[in-house]
Amino acid sequence: MTLHLFAQSFEHDDAFIVGTRESLEMLRDSINIALSNQTVGRSSDSISAHFTSDREGYDITVKVIPMSVEINLELPYADSIGRELGRQTVCRFTVPTE
């Protein structure tokens with residue numbers, strides 16, 4: 001169940017999600033759960049456990065955010081210079097939900 005998320009290093013770089021069919025289906029299901037929860041007024045957070053190809057585990061949290069906070073999100077660039085270009089006003093772990 002390998003899933004790799006390759007972030008953008010800088011603006012306009014491509015990002016990639018690469019994984020086994022099983023891990024991609026788990027990610028899809030996690031996205032669907034977050035969207036369904038948000039629709040019925042529950043917390044939109046959905047967490048799924050994944051592994052890298054070296055078998056190190058990590059969780060992916062899917063969170064539905066309101067459009068009103070979208071502009072203030074921290075930019076997700078992986079390179080330190082790319083991160084310095086981004087806004088730091090809303091931490092990715094404390095984004096309010098609708």
# chains A, B, ... in the order shown; residues from 1 in each chain; ligands from 1
$ residues_around --residues "Lys63 of chain A" --least-positions-apart "5" --cutoff "7 Å" --atoms "only C-alpha atoms" --output "mmCIF file with N, CA and C atoms, in the first residue's frame"
data_model
loop_
_atom_site.group_PDB
_atom_site.id
_atom_site.type_symbol
_atom_site.label_atom_id
_atom_site.label_comp_id
_atom_site.auth_asym_id
_atom_site.auth_seq_id
_atom_site.Cartn_x
_atom_site.Cartn_y
_atom_site.Cartn_z
ATOM 1 N N ALA A 34 -14.589 12.907 3.782
ATOM 2 C CA ALA A 34 -14.505 14.311 4.209
ATOM 3 C C ALA A 34 -15.607 15.138 3.549
ATOM 4 N N SER A 44 -15.290 17.754 8.896
ATOM 5 C CA SER A 44 -14.924 17.220 7.588
ATOM 6 C C SER A 44 -13.637 16.414 7.630
ATOM 7 N N ASP A 45 -12.924 16.433 8.748
ATOM 8 C CA ASP A 45 -11.640 15.736 8.813
ATOM 9 C C ASP A 45 -11.799 14.244 8.529
ATOM 10 N N SER A 46 -10.918 13.746 7.687
ATOM 11 C CA SER A 46 -10.869 12.323 7.390
ATOM 12 C C SER A 46 -9.401 11.936 7.355
#
$ atom_distance --atom1 "atom CA of Ala78 of chain A" --atom2 "atom CA of Ile33 of chain A"
27.0 Å
$ residues_around --residues "segment 12-22 of chain A" --least-positions-apart "3" --cutoff "10 Å" --atoms "only C-alpha atoms" --output "PyMOL selection string"
chain A and resi 1-9+25-28+50-53+77
$ write_last_selection --atoms "C-alpha atoms" --output "mmCIF file, in the first residue's frame"
data_model
loop_
_atom_site.group_PDB
_atom_site.id
_atom_site.type_symbol
_atom_site.label_atom_id
_atom_site.label_comp_id
_atom_site.auth_asym_id
_atom_site.auth_seq_id
_atom_site.Cartn_x
_atom_site.Cartn_y
_atom_site.Cartn_z
ATOM 1 C CA MET A 1 0.000 0.000 0.000
ATOM 2 C CA THR A 2 2.610 2.526 -1.065
ATOM 3 C CA LEU A 3 1.582 6.153 -1.548
ATOM 4 C CA HIS A 4 3.997 8.977 -2.288
ATOM 5 C CA LEU A 5 3.035 12.650 -2.348
ATOM 6 C CA PHE A 6 5.552 14.761 -4.242
ATOM 7 C CA ALA A 7 4.998 18.436 -3.453
ATOM 8 C CA GLN A 8 5.856 21.383 -5.629
ATOM 9 C CA SER A 9 9.320 22.769 -4.928
ATOM 10 C CA GLU A 25 -8.496 4.005 -3.534
ATOM 11 C CA MET A 26 -7.947 4.612 0.210
ATOM 12 C CA LEU A 27 -7.083 8.242 -0.529
ATOM 13 C CA ARG A 28 -10.175 8.574 -2.741
ATOM 14 C CA HIS A 50 -0.364 5.168 4.267
ATOM 15 C CA PHE A 51 3.217 3.980 3.757
ATOM 16 C CA THR A 52 6.176 5.056 1.663
ATOM 17 C CA SER A 53 8.119 2.493 -0.358
ATOM 18 C CA TYR A 77 6.055 24.433 -1.525
#
$ select_by_dssp --residues "segment 6-67 of chain A" --states "strand (DSSP E)" --output "PyMOL selection string"
chain A and resi 6+16-19+46-51+57-62
